[in-house]
>>> print(open('upload39.tsv').read())   # TSV, C-alpha atoms and all ligand atoms
chain	number	residue	atom	x	y	z
A	201	MET	CA	78.58	57.94	151.91
A	202	ALA	CA	81.59	55.91	150.78
A	203	ARG	CA	82.58	52.88	152.86
A	204	VAL	CA	85.52	50.54	153.26
A	205	CYS	CA	84.37	47.14	151.93
A	206	THR	CA	87.54	45.12	152.52
A	207	VAL	CA	91.20	45.58	153.40
A	208	ILE	CA	93.92	43.39	151.89
A	209	ALA	CA	97.69	43.27	152.35
A	210	ALA	CA	100.07	41.30	150.16
A	211	SER	CA	103.73	41.03	149.26
A	212	HIS	CA	104.72	41.81	145.68
A	213	SER	CA	108.29	40.46	145.29
A	214	PRO	CA	109.31	39.47	141.74
A	215	PHE	CA	109.78	35.92	143.07
A	216	LEU	CA	105.98	35.73	143.42
A	217	PHE	CA	105.63	36.38	139.70
A	218	THR	CA	108.43	34.07	138.51
A	219	PRO	CA	108.10	30.26	138.11
A	220	SER	CA	109.79	28.49	141.02
A	221	GLU	CA	112.15	26.61	138.68
A	222	GLN	CA	113.90	29.97	138.25
A	223	TRP	CA	114.24	30.62	142.00
A	224	GLU	CA	117.29	28.40	142.50
A	225	PRO	CA	119.34	29.98	139.67
A	226	GLY	CA	118.33	33.36	141.13
A	227	ARG	CA	119.48	32.31	144.59
A	228	ALA	CA	122.78	30.95	143.28
A	229	THR	CA	123.53	34.17	141.37
A	230	ARG	CA	122.80	36.31	144.41
A	231	LEU	CA	124.95	34.12	146.61
A	232	ALA	CA	127.86	34.22	144.14
A	233	ARG	CA	127.85	38.01	144.04
A	234	GLY	CA	127.65	38.37	147.85
A	235	GLY	CA	124.01	39.44	147.96
A	236	LEU	CA	122.83	36.59	150.16
A	237	SER	CA	123.97	35.31	153.55
A	238	PRO	CA	125.63	31.89	153.12
A	239	GLU	CA	123.76	30.83	156.26
A	240	THR	CA	120.37	31.22	154.58
A	241	THR	CA	118.33	28.00	154.30
A	242	VAL	CA	118.44	26.38	150.86
A	243	ASP	CA	115.14	24.90	149.70
A	244	THR	CA	114.99	22.02	147.24
A	245	VAL	CA	113.29	22.40	143.86
A	246	ALA	CA	110.35	20.40	145.26
A	247	GLU	CA	110.08	22.65	148.35
A	248	ASN	CA	110.14	25.73	146.13
A	249	ALA	CA	107.34	24.25	143.97
A	250	VAL	CA	105.19	23.75	147.09
A	251	LYS	CA	105.86	27.36	148.12
A	252	GLU	CA	104.92	28.62	144.65
A	253	ALA	CA	101.61	26.74	144.92
A	254	ARG	CA	100.97	28.25	148.38
A	255	ILE	CA	101.62	31.75	147.00
A	256	LYS	CA	99.15	31.22	144.15
A	257	ALA	CA	96.60	29.79	146.61
A	258	ALA	CA	96.99	32.78	148.95
A	259	PHE	CA	96.46	35.23	146.10
A	260	GLY	CA	93.43	33.13	145.13
A	261	VAL	CA	91.92	33.64	148.59
A	262	LEU	CA	92.54	37.39	148.36
A	263	ARG	CA	90.93	37.47	144.90
A	264	GLU	CA	87.83	35.74	146.33
A	265	ARG	CA	87.65	38.17	149.28
A	266	LEU	CA	88.01	41.14	146.94
A	267	THR	CA	85.30	39.91	144.56
A	268	ALA	CA	82.92	39.12	147.42
A	269	SER	CA	83.29	42.66	148.80
A	270	LYS	CA	81.96	44.13	145.49
A	271	PRO	CA	84.44	47.01	145.26
A	272	ASP	CA	83.80	50.08	143.11
A	273	VAL	CA	87.35	51.37	143.55
A	274	LEU	CA	90.72	50.12	144.83
A	275	LEU	CA	92.80	52.43	147.01
A	276	ILE	CA	96.33	50.99	146.78
A	277	PHE	CA	99.05	51.97	149.24
A	278	GLY	CA	102.40	51.29	147.61
A	279	ASP	CA	105.83	52.76	147.07
A	280	ASP	CA	107.66	54.16	144.08
A	281	GLN	CA	111.12	52.65	143.61
A	282	LEU	CA	112.49	55.39	141.34
A	283	GLU	CA	110.03	54.34	138.64
A	284	GLN	CA	108.29	57.73	138.52
A	285	PHE	CA	110.04	59.92	141.09
A	286	ASP	CA	113.71	60.62	141.70
A	287	PHE	CA	115.75	62.56	144.20
A	288	LYS	CA	115.15	65.85	142.40
A	289	ASN	CA	111.85	65.78	144.26
A	290	PHE	CA	110.70	62.66	146.09
A	291	PRO	CA	107.31	62.85	147.81
A	292	ALA	CA	106.84	61.37	151.29
A	293	LEU	CA	103.13	60.89	150.55
A	294	SER	CA	101.38	61.53	147.24
A	295	LEU	CA	97.96	60.65	145.88
A	296	PHE	CA	97.33	59.85	142.21
A	297	THR	CA	94.55	62.18	141.11
A	298	GLY	CA	94.49	61.60	137.34
A	299	GLU	CA	91.94	59.89	135.08
A	300	SER	CA	94.00	56.82	134.24
A	301	TYR	CA	97.51	55.43	134.16
A	302	SER	CA	99.41	52.74	132.28
A	303	GLY	CA	102.12	50.34	133.33
A	304	TYR	CA	103.70	46.94	133.03
A	305	LYS	CA	101.57	44.31	134.75
A	306	ILE	CA	104.65	42.70	136.36
A	307	SER	CA	107.70	44.80	135.48
A	308	ARG	CA	109.66	46.26	132.62
A	309	TRP	CA	112.28	43.50	132.87
A	310	VAL	CA	111.93	39.76	132.34
A	311	GLY	CA	113.09	37.42	135.11
A	312	LEU	CA	114.53	38.01	138.55
A	313	PRO	CA	116.71	40.98	139.47
A	314	VAL	CA	119.98	39.05	139.37
A	315	GLY	CA	122.91	38.82	137.02
A	316	PRO	CA	123.44	41.00	133.94
A	317	LYS	CA	120.78	43.37	132.64
A	318	ARG	CA	117.60	41.45	131.90
A	319	PRO	CA	115.73	41.70	128.60
A	320	GLU	CA	113.00	44.32	128.36
A	321	ARG	CA	109.37	43.30	127.89
A	322	GLU	CA	107.54	44.58	124.85
A	323	LYS	CA	104.50	46.71	125.54
A	324	THR	CA	102.00	44.10	124.35
A	325	PRO	CA	98.45	43.68	125.74
A	326	GLU	CA	99.82	40.69	127.66
A	327	ASN	CA	102.46	42.81	129.45
A	328	TRP	CA	101.15	46.37	129.51
A	329	VAL	CA	97.76	47.73	130.56
A	330	THR	CA	95.92	51.02	131.01
A	331	VAL	CA	94.00	51.25	134.28
A	332	GLN	CA	91.11	53.60	134.90
A	333	SER	CA	91.40	55.64	138.07
A	334	HIS	CA	88.61	57.46	139.92
A	335	PRO	CA	89.14	61.24	140.06
A	336	LYS	CA	85.84	61.90	141.83
A	337	PHE	CA	86.97	59.71	144.69
A	338	SER	CA	90.66	60.72	144.69
A	339	HIS	CA	89.85	64.45	144.61
A	340	ALA	CA	87.42	64.08	147.49
A	341	LEU	CA	89.95	62.04	149.47
A	342	MET	CA	92.65	64.64	148.77
A	343	ARG	CA	90.44	67.42	150.12
A	344	GLU	CA	89.38	65.50	153.20
A	345	LEU	CA	92.94	64.55	154.12
A	346	MET	CA	94.24	68.10	153.58
A	347	VAL	CA	91.51	69.46	155.85
A	348	ASP	CA	92.58	66.83	158.40
A	349	GLY	CA	96.18	68.11	158.34
A	350	PHE	CA	97.86	65.73	155.87
A	351	ASP	CA	99.80	67.95	153.47
A	352	LEU	CA	99.85	65.50	150.58
A	353	ALA	CA	101.56	65.88	147.26
A	354	PHE	CA	99.43	64.93	144.30
A	355	THR	CA	100.25	63.32	140.95
A	356	ASN	CA	97.85	64.21	138.15
A	357	GLU	CA	99.96	62.52	135.48
A	358	LEU	CA	102.96	60.23	135.59
A	359	PRO	CA	106.35	61.95	135.23
A	360	ASP	CA	107.59	58.99	133.13
A	361	PRO	CA	104.69	57.47	131.16
A	362	ASP	CA	107.06	55.25	129.15
A	363	GLU	CA	108.24	53.51	132.33
A	364	GLY	CA	104.66	53.36	133.58
A	365	MET	CA	103.19	53.11	137.06
A	366	GLY	CA	105.46	51.41	139.59
A	367	HIS	CA	105.31	47.71	140.35
A	368	ALA	CA	103.85	48.18	143.83
A	369	PHE	CA	100.61	49.40	142.23
A	370	MET	CA	100.56	47.13	139.18
A	371	ARG	CA	101.45	43.72	140.58
A	372	PRO	CA	98.68	42.96	143.13
A	373	SER	CA	95.98	43.23	140.46
A	374	TYR	CA	97.81	40.67	138.31
A	375	TYR	CA	96.46	38.04	140.69
A	376	ILE	CA	93.47	39.63	142.43
A	377	ASP	CA	91.92	41.64	139.55
A	378	PRO	CA	93.59	40.00	136.54
A	379	GLU	CA	91.70	42.04	133.95
A	380	TYR	CA	92.57	45.29	135.75
A	381	LYS	CA	88.89	46.24	135.52
A	382	ILE	CA	88.37	47.87	138.93
A	383	PRO	CA	89.17	51.62	138.91
A	384	SER	CA	92.27	52.10	141.06
A	385	VAL	CA	93.75	55.01	142.98
A	386	PRO	CA	97.46	54.69	143.83
A	387	PHE	CA	98.64	56.28	147.09
A	388	PHE	CA	102.42	56.69	147.13
A	389	VAL	CA	104.12	56.14	150.50
A	390	ASN	CA	107.90	56.60	150.50
A	391	CYS	CA	109.18	53.32	151.94
A	392	TYR	CA	112.65	52.84	150.44
A	393	TYR	CA	114.48	56.15	150.76
A	394	GLY	CA	115.35	57.87	154.02
A	395	PRO	CA	113.92	59.79	155.67
A	396	GLN	CA	110.61	57.93	155.20
A	397	PRO	CA	107.36	58.61	157.07
A	398	THR	CA	107.52	56.83	160.43
A	399	ALA	CA	105.22	53.88	161.01
A	400	LYS	CA	103.51	56.07	163.61
A	401	ARG	CA	102.68	58.55	160.85
A	402	CYS	CA	101.53	55.68	158.61
A	403	TYR	CA	99.23	54.56	161.41
A	404	GLN	CA	97.80	58.08	161.72
A	405	LEU	CA	97.37	58.19	157.94
A	406	GLY	CA	95.43	54.92	157.87
A	407	ARG	CA	93.11	56.11	160.63
A	408	ALA	CA	92.59	59.44	158.83
A	409	VAL	CA	91.93	57.69	155.50
A	410	ARG	CA	89.25	55.56	157.13
A	411	ALA	CA	87.51	58.60	158.60
A	412	ALA	CA	87.90	60.55	155.34
A	413	ILE	CA	86.34	57.78	153.23
A	414	GLU	CA	83.34	57.71	155.52
A	415	ARG	CA	82.83	61.49	155.05
A	416	ILE	CA	82.89	61.33	151.24
A	417	PRO	CA	79.34	61.73	149.88
A	418	LEU	CA	79.70	59.14	147.10
A	419	ASP	CA	78.00	55.76	147.04
A	420	LEU	CA	81.22	53.74	146.72
A	421	ASN	CA	82.63	50.51	148.08
A	422	VAL	CA	86.33	51.16	148.62
A	423	ALA	CA	88.74	48.21	148.82
A	424	VAL	CA	92.01	49.16	150.50
A	425	ILE	CA	95.21	47.34	149.47
A	426	GLY	CA	98.60	47.48	151.22
A	427	SER	CA	101.30	46.33	148.78
A	428	GLY	CA	104.83	45.13	149.57
A	429	GLY	CA	106.98	43.71	152.39
A	430	LEU	CA	107.43	41.78	154.51
A	431	TRP	CA	111.14	41.44	155.42
A	432	HIS	CA	113.46	41.62	152.40
A	433	LEU	CA	116.57	43.68	151.79
A	434	PRO	CA	117.53	42.81	148.22
A	435	ASN	CA	120.18	45.51	147.91
A	436	TYR	CA	122.04	44.55	151.07
A	437	PRO	CA	125.24	42.47	151.02
A	438	ASN	CA	124.72	39.10	152.71
A	439	SER	CA	120.96	39.70	152.72
A	440	TRP	CA	119.03	37.64	155.27
A	441	LEU	CA	115.46	36.93	156.35
A	442	ASP	CA	114.33	38.12	159.79
A	443	GLU	CA	111.38	35.84	160.45
A	444	THR	CA	111.02	37.21	163.98
A	445	PHE	CA	110.32	40.67	162.54
A	446	ASP	CA	107.66	39.21	160.24
A	447	ALA	CA	106.11	37.17	163.07
A	448	ASN	CA	105.81	40.32	165.20
A	449	ILE	CA	104.17	42.27	162.36
A	450	LEU	CA	101.73	39.42	161.69
A	451	ALA	CA	100.93	39.12	165.41
A	452	GLY	CA	99.86	42.79	165.33
A	453	ILE	CA	97.76	42.15	162.21
A	454	LYS	CA	96.00	39.18	163.84
A	455	ALA	CA	95.41	41.16	167.05
A	456	GLY	CA	93.88	44.07	165.10
A	457	ASP	CA	96.24	46.43	166.90
A	458	ALA	CA	97.71	48.69	164.23
A	459	ARG	CA	99.21	51.12	166.75
A	460	LYS	CA	101.20	48.35	168.38
A	461	THR	CA	102.32	47.07	164.99
A	462	ALA	CA	103.53	50.57	164.12
A	463	GLU	CA	105.36	50.95	167.43
A	464	TYR	CA	107.14	47.66	166.82
A	465	PHE	CA	108.16	48.70	163.29
A	466	ASP	CA	109.57	52.01	164.53
A	467	SER	CA	111.53	50.18	167.26
A	468	VAL	CA	113.50	48.20	164.64
A	469	VAL	CA	116.11	50.50	163.11
A	470	PRO	CA	118.83	49.74	160.58
A	471	PRO	CA	122.34	49.54	162.02
A	472	PHE	CA	124.81	51.86	160.27
A	473	ASP	CA	128.06	53.72	160.84
A	474	PRO	CA	127.49	57.48	160.47
A	475	ALA	CA	131.21	57.95	159.72
A	476	ASN	CA	131.12	55.47	156.83
A	477	LYS	CA	129.59	56.85	153.62
A	478	ALA	CA	128.89	53.39	152.13
A	479	SER	CA	127.14	52.33	155.33
A	480	VAL	CA	125.02	55.51	155.35
A	481	ASN	CA	124.18	55.08	151.66
A	482	LEU	CA	123.04	51.51	152.21
A	483	ALA	CA	120.87	52.32	155.24
A	484	SER	CA	119.36	55.43	153.62
A	485	GLY	CA	118.73	53.99	150.16
A	486	GLY	CA	121.25	56.45	148.69
A	487	THR	CA	119.93	59.72	150.11
A	488	GLY	CA	122.42	60.06	152.98
A	489	MET	CA	119.52	60.55	155.44
A	490	VAL	CA	118.76	57.49	157.56
A	491	LEU	CA	115.53	57.12	159.52
A	492	GLY	CA	113.76	53.76	159.71
A	493	TYR	CA	114.27	50.60	157.71
A	494	GLY	CA	114.11	51.09	153.95
A	495	GLY	CA	114.49	48.46	151.26
A	496	GLY	CA	111.73	45.93	150.80
A	497	THR	CA	111.38	45.68	154.57
A	498	GLY	CA	110.41	49.36	154.54
A	499	GLU	CA	107.36	48.44	152.43
A	500	THR	CA	105.85	47.00	155.60
A	501	ARG	CA	104.71	50.61	156.07
A	502	ASN	CA	102.03	49.88	153.44
A	503	TRP	CA	100.75	47.04	155.63
A	504	ILE	CA	100.63	49.41	158.58
A	505	VAL	CA	98.58	52.00	156.69
A	506	ALA	CA	96.19	49.26	155.54
A	507	SER	CA	95.89	47.72	159.01
A	508	ALA	CA	95.21	51.17	160.50
A	509	VAL	CA	92.29	51.59	158.07
A	510	ALA	CA	90.87	48.46	159.76
A	511	ASP	CA	92.24	49.35	163.21
A	512	GLY	CA	90.60	47.41	166.03
A	513	LYS	CA	89.46	44.55	163.78
A	514	PRO	CA	91.53	41.36	163.85
A	515	GLY	CA	93.02	40.55	160.45
A	516	THR	CA	93.13	37.08	158.91
A	517	VAL	CA	96.61	35.96	157.88
A	518	VAL	CA	96.05	33.72	154.85
A	519	ASP	CA	99.64	32.48	154.73
A	520	TYR	CA	103.23	33.39	155.47
A	521	ILE	CA	105.80	31.82	153.17
A	522	PRO	CA	109.54	32.29	153.68
A	523	VAL	CA	111.07	32.27	150.21
A	524	TYR	CA	114.71	31.69	151.14
A	525	ALA	CA	115.91	31.90	147.55
A	526	SER	CA	115.26	35.67	147.63
A	527	PRO	CA	115.13	35.81	150.72
A	528	ILE	CA	111.72	37.38	151.47
A	529	GLY	CA	108.95	36.76	153.95
A	530	ALA	CA	105.89	36.63	151.69
A	531	GLY	CA	102.76	37.56	153.63
A	532	PHE	CA	99.06	37.65	152.73
A	533	ALA	CA	96.24	39.00	154.90
A	534	TYR	CA	92.75	40.44	154.74
A	535	TRP	CA	90.12	42.06	156.91
A	536	ASP	CA	86.49	41.25	156.06
A	537	ASN	CA	83.92	43.81	157.20
A	538	PRO	CA	86.72	46.08	158.44
K	601	FE	FE	108.66	46.67	145.93
>>> encode(input="upload39.tsv", output="structure tokens")
Amino acid sequence: MARVCTVIAASHSPFLFTPSEQWEPGRATRLARGGLSPETTVDTVAENAVKEARIKAAFGVLRERLTASKPDVLLIFGDDQLEQFDFKNFPALSLFTGESYSGYKISRWVGLPVGPKRPEREKTPENWVTVQSHPKFSHALMRELMVDGFDLAFTNELPDPDEGMGHAFMRPSYYIDPEYKIPSVPFFVNCYYGPQPTAKRCYQLGRAVRAAIERIPLDLNVAVIGSGGLWHLPNYPNSWLDETFDANILAGIKAGDARKTAEYFDSVVPPFDPANKASVNLASGGTGMVLGYGGGTGETRNWIVASAVADGKPGTVVDYIPVYASPIGAGFAYWDNP
């Protein structure tokens, strides 16, 4: 039977893939255009360099844990940010069931998402990669979850192959499987655009995925990755960092209590004025239908799915790094022998 060999959760902000010398210009541009709260802490260049080193070190620990677990396949929970899907038909939950996919290792655009349109990366071997997936595993997982009552969409081929697979699925491997050699199965969880699956549903999904993997009659080590978060709302005016939110999520991770983590997430809801269209658009990610937090903060759902796969086992938080220049709470965690 298949088995879960490790569980990993990591942030994937573009700041984590951009040299720290570029963080301060990024911060200044965001501040000037009203995208950052003026009360946000300002780190020095030296403090940013230390944070960049901590980020690289944390990814290094996750790479070691992943290698030591001898994975045959990665099951990556991430979110599509209009890279493949749009509002003509946006899946709440969808499993990639194809043979392979391609995408930019970091993103289509060079630099941080600030200022005028950034230059586009060429599709060179340095920037663009084709990743093998694992249809035997994904098809079996699809069947098991459907039988268990999860009515998943499936994605056999990417709707926009020129854009490539979304960053949530491409970026973690840049640091933890740099040659993109491990076959990978993306699992799309709608995190940004209301109404998203509740964290309660994400918890149920993680539990069901764990049970499903252990029913699949394939001799496979499955490494589960949760990609995104923690708190960041890059599209909000006067964006801020809620370190209390992140501390509460990480407390749940350390306690090995995924249900409690999910309950906390669902208790934090975005404030908005239902009579104000701009307010509704902001809180819903443009759909007009608000449920829980969207934006980068909404990606914490991917942590909740991952932690529910390892439910009951305390997670190890490798590091938590507040990158105020963004601002984002960058978190890194793993569960050995989940
Ligand atoms: Fe993201």
>>> closest_residue(input="upload39.tsv", among="A:Tyr393, A:Trp328, A:Tyr380, A:Trp503", to="Gly278 of chain A", atoms="all atoms listed in the file")
A:Trp503
>>> residues_around(input="upload39.tsv", residues="Asn448 of chain A", least_positions_apart="6", cutoff="9 Å", atoms="only C-alpha atoms", output="PyMOL selection string")
chain A and resi 461+464-465
>>> residues_around(input="upload39.tsv", residues="segment 334-348 of chain A", least_positions_apart="2", cutoff="7 Å", atoms="all atoms listed in the file", output="PyMOL selection string")
chain A and resi 297-299+332+350-352+383-385+408+412-413+416
>>> write_last_selection(input="upload39.tsv", atoms="C-alpha atoms", output="mmCIF file, in the coordinates of the input")
data_model
loop_
_atom_site.group_PDB
_atom_site.id
_atom_site.type_symbol
_atom_site.label_atom_id
_atom_site.label_comp_id
_atom_site.auth_asym_id
_atom_site.auth_seq_id
_atom_site.Cartn_x
_atom_site.Cartn_y
_atom_site.Cartn_z
ATOM 1 C CA THR A 297 94.550 62.180 141.110
ATOM 2 C CA GLY A 298 94.490 61.600 137.340
ATOM 3 C CA GLU A 299 91.940 59.890 135.080
ATOM 4 C CA GLN A 332 91.110 53.600 134.900
ATOM 5 C CA PHE A 350 97.860 65.730 155.870
ATOM 6 C CA ASP A 351 99.800 67.950 153.470
ATOM 7 C CA LEU A 352 99.850 65.500 150.580
ATOM 8 C CA PRO A 383 89.170 51.620 138.910
ATOM 9 C CA SER A 384 92.270 52.100 141.060
ATOM 10 C CA VAL A 385 93.750 55.010 142.980
ATOM 11 C CA ALA A 408 92.590 59.440 158.830
ATOM 12 C CA ALA A 412 87.900 60.550 155.340
ATOM 13 C CA ILE A 413 86.340 57.780 153.230
ATOM 14 C CA ILE A 416 82.890 61.330 151.240
#
>>> residues_around(input="upload39.tsv", residues="Ile504 of chain A", least_positions_apart="3", cutoff="7 Å", atoms="all atoms listed in the file", output="MDAnalysis selection string")
chainID A and resid 399 402:403 458 462 500:501 507:508
>>> closest_residue(input="upload39.tsv", among="A:Tyr392, A:Tyr304, A:Tyr374, A:Phe296", to="ligand FE 601 (chain K)", atoms="only C-alpha atoms and all ligand atoms")
A:Tyr392
>>> closest_residue(input="upload39.tsv", among="A:Gly260, A:Gly364, A:Gly494, A:Gly226", to="ligand FE 601 (chain K)", atoms="all atoms listed in the file")
A:Gly494
>>> decode(input="upload39.tsv", residues="segment 263-285 of chain A", atoms="N, CA and C atoms", output="PDB file, in the first residue's frame")
ATOM      1  N   ARG A 263      14.537  20.593   2.462  1.00  0.00           N
ATOM      2  CA  ARG A 263      15.120  19.753   1.398  1.00  0.00           C
ATOM      3  C   ARG A 263      15.727  18.487   2.015  1.00  0.00           C
ATOM      4  N   GLU A 264      16.429  18.650   3.138  1.00  0.00           N
ATOM      5  CA  GLU A 264      17.016  17.479   3.815  1.00  0.00           C
ATOM      6  C   GLU A 264      15.938  16.501   4.272  1.00  0.00           C
ATOM      7  N   ARG A 265      14.857  17.038   4.870  1.00  0.00           N
ATOM      8  CA  ARG A 265      13.779  16.171   5.367  1.00  0.00           C
ATOM      9  C   ARG A 265      13.139  15.422   4.196  1.00  0.00           C
ATOM     10  N   LEU A 266      12.937  16.142   3.096  1.00  0.00           N
ATOM     11  CA  LEU A 266      12.310  15.513   1.925  1.00  0.00           C
ATOM     12  C   LEU A 266      13.202  14.393   1.400  1.00  0.00           C
ATOM     13  N   THR A 267      14.482  14.664   1.234  1.00  0.00           N
ATOM     14  CA  THR A 267      15.404  13.655   0.699  1.00  0.00           C
ATOM     15  C   THR A 267      15.451  12.435   1.612  1.00  0.00           C
ATOM     16  N   ALA A 268      15.520  12.685   2.921  1.00  0.00           N
ATOM     17  CA  ALA A 268      15.626  11.580   3.881  1.00  0.00           C
ATOM     18  C   ALA A 268      14.382  10.690   3.866  1.00  0.00           C
ATOM     19  N   SER A 269      13.246  11.238   3.459  1.00  0.00           N
ATOM     20  CA  SER A 269      11.996  10.451   3.473  1.00  0.00           C
ATOM     21  C   SER A 269      11.858   9.570   2.233  1.00  0.00           C
ATOM     22  N   LYS A 270      12.794   9.708   1.275  1.00  0.00           N
ATOM     23  CA  LYS A 270      12.820   8.881   0.052  1.00  0.00           C
ATOM     24  C   LYS A 270      11.468   8.860  -0.690  1.00  0.00           C
ATOM     25  N   PRO A 271      10.999  10.021  -1.090  1.00  0.00           N
ATOM     26  CA  PRO A 271       9.682  10.073  -1.743  1.00  0.00           C
ATOM     27  C   PRO A 271       9.712   9.512  -3.171  1.00  0.00           C
ATOM     28  N   ASP A 272       8.625   8.858  -3.547  1.00  0.00           N
ATOM     29  CA  ASP A 272       8.427   8.441  -4.939  1.00  0.00           C
ATOM     30  C   ASP A 272       7.572   9.449  -5.684  1.00  0.00           C
ATOM     31  N   VAL A 273       6.769  10.207  -4.941  1.00  0.00           N
ATOM     32  CA  VAL A 273       5.859  11.172  -5.564  1.00  0.00           C
ATOM     33  C   VAL A 273       5.583  12.297  -4.562  1.00  0.00           C
ATOM     34  N   LEU A 274       5.447  13.523  -5.105  1.00  0.00           N
ATOM     35  CA  LEU A 274       5.027  14.668  -4.290  1.00  0.00           C
ATOM     36  C   LEU A 274       3.542  14.932  -4.566  1.00  0.00           C
ATOM     37  N   LEU A 275       2.782  15.104  -3.512  1.00  0.00           N
ATOM     38  CA  LEU A 275       1.386  15.540  -3.644  1.00  0.00           C
ATOM     39  C   LEU A 275       1.343  16.961  -3.092  1.00  0.00           C
ATOM     40  N   ILE A 276       1.182  17.947  -4.008  1.00  0.00           N
ATOM     41  CA  ILE A 276       1.343  19.360  -3.639  1.00  0.00           C
ATOM     42  C   ILE A 276      -0.018  20.039  -3.567  1.00  0.00           C
ATOM     43  N   PHE A 277      -0.381  20.515  -2.376  1.00  0.00           N
ATOM     44  CA  PHE A 277      -1.597  21.312  -2.229  1.00  0.00           C
ATOM     45  C   PHE A 277      -1.223  22.779  -2.442  1.00  0.00           C
ATOM     46  N   GLY A 278      -1.834  23.381  -3.457  1.00  0.00           N
ATOM     47  CA  GLY A 278      -1.550  24.772  -3.788  1.00  0.00           C
ATOM     48  C   GLY A 278      -2.781  25.408  -4.414  1.00  0.00           C
ATOM     49  N   ASP A 279      -2.628  26.656  -4.809  1.00  0.00           N
ATOM     50  CA  ASP A 279      -3.771  27.390  -5.340  1.00  0.00           C
ATOM     51  C   ASP A 279      -3.404  28.033  -6.667  1.00  0.00           C
ATOM     52  N   ASP A 280      -4.390  28.079  -7.541  1.00  0.00           N
ATOM     53  CA  ASP A 280      -4.206  28.734  -8.839  1.00  0.00           C
ATOM     54  C   ASP A 280      -4.640  30.192  -8.715  1.00  0.00           C
ATOM     55  N   GLN A 281      -3.741  31.105  -9.084  1.00  0.00           N
ATOM     56  CA  GLN A 281      -4.069  32.534  -9.015  1.00  0.00           C
ATOM     57  C   GLN A 281      -4.301  33.058 -10.421  1.00  0.00           C
ATOM     58  N   LEU A 282      -5.345  32.520 -11.047  1.00  0.00           N
ATOM     59  CA  LEU A 282      -5.748  32.884 -12.415  1.00  0.00           C
ATOM     60  C   LEU A 282      -4.645  32.584 -13.421  1.00  0.00           C
ATOM     61  N   GLU A 283      -3.773  31.615 -13.088  1.00  0.00           N
ATOM     62  CA  GLU A 283      -2.748  31.205 -14.037  1.00  0.00           C
ATOM     63  C   GLU A 283      -3.328  30.208 -15.035  1.00  0.00           C
ATOM     64  N   GLN A 284      -4.149  29.295 -14.566  1.00  0.00           N
ATOM     65  CA  GLN A 284      -4.776  28.305 -15.435  1.00  0.00           C
ATOM     66  C   GLN A 284      -6.293  28.463 -15.502  1.00  0.00           C
ATOM     67  N   PHE A 285      -6.910  28.808 -14.408  1.00  0.00           N
ATOM     68  CA  PHE A 285      -8.376  28.891 -14.357  1.00  0.00           C
ATOM     69  C   PHE A 285      -8.806  30.353 -14.293  1.00  0.00           C
TER      70      PHE A 285
END
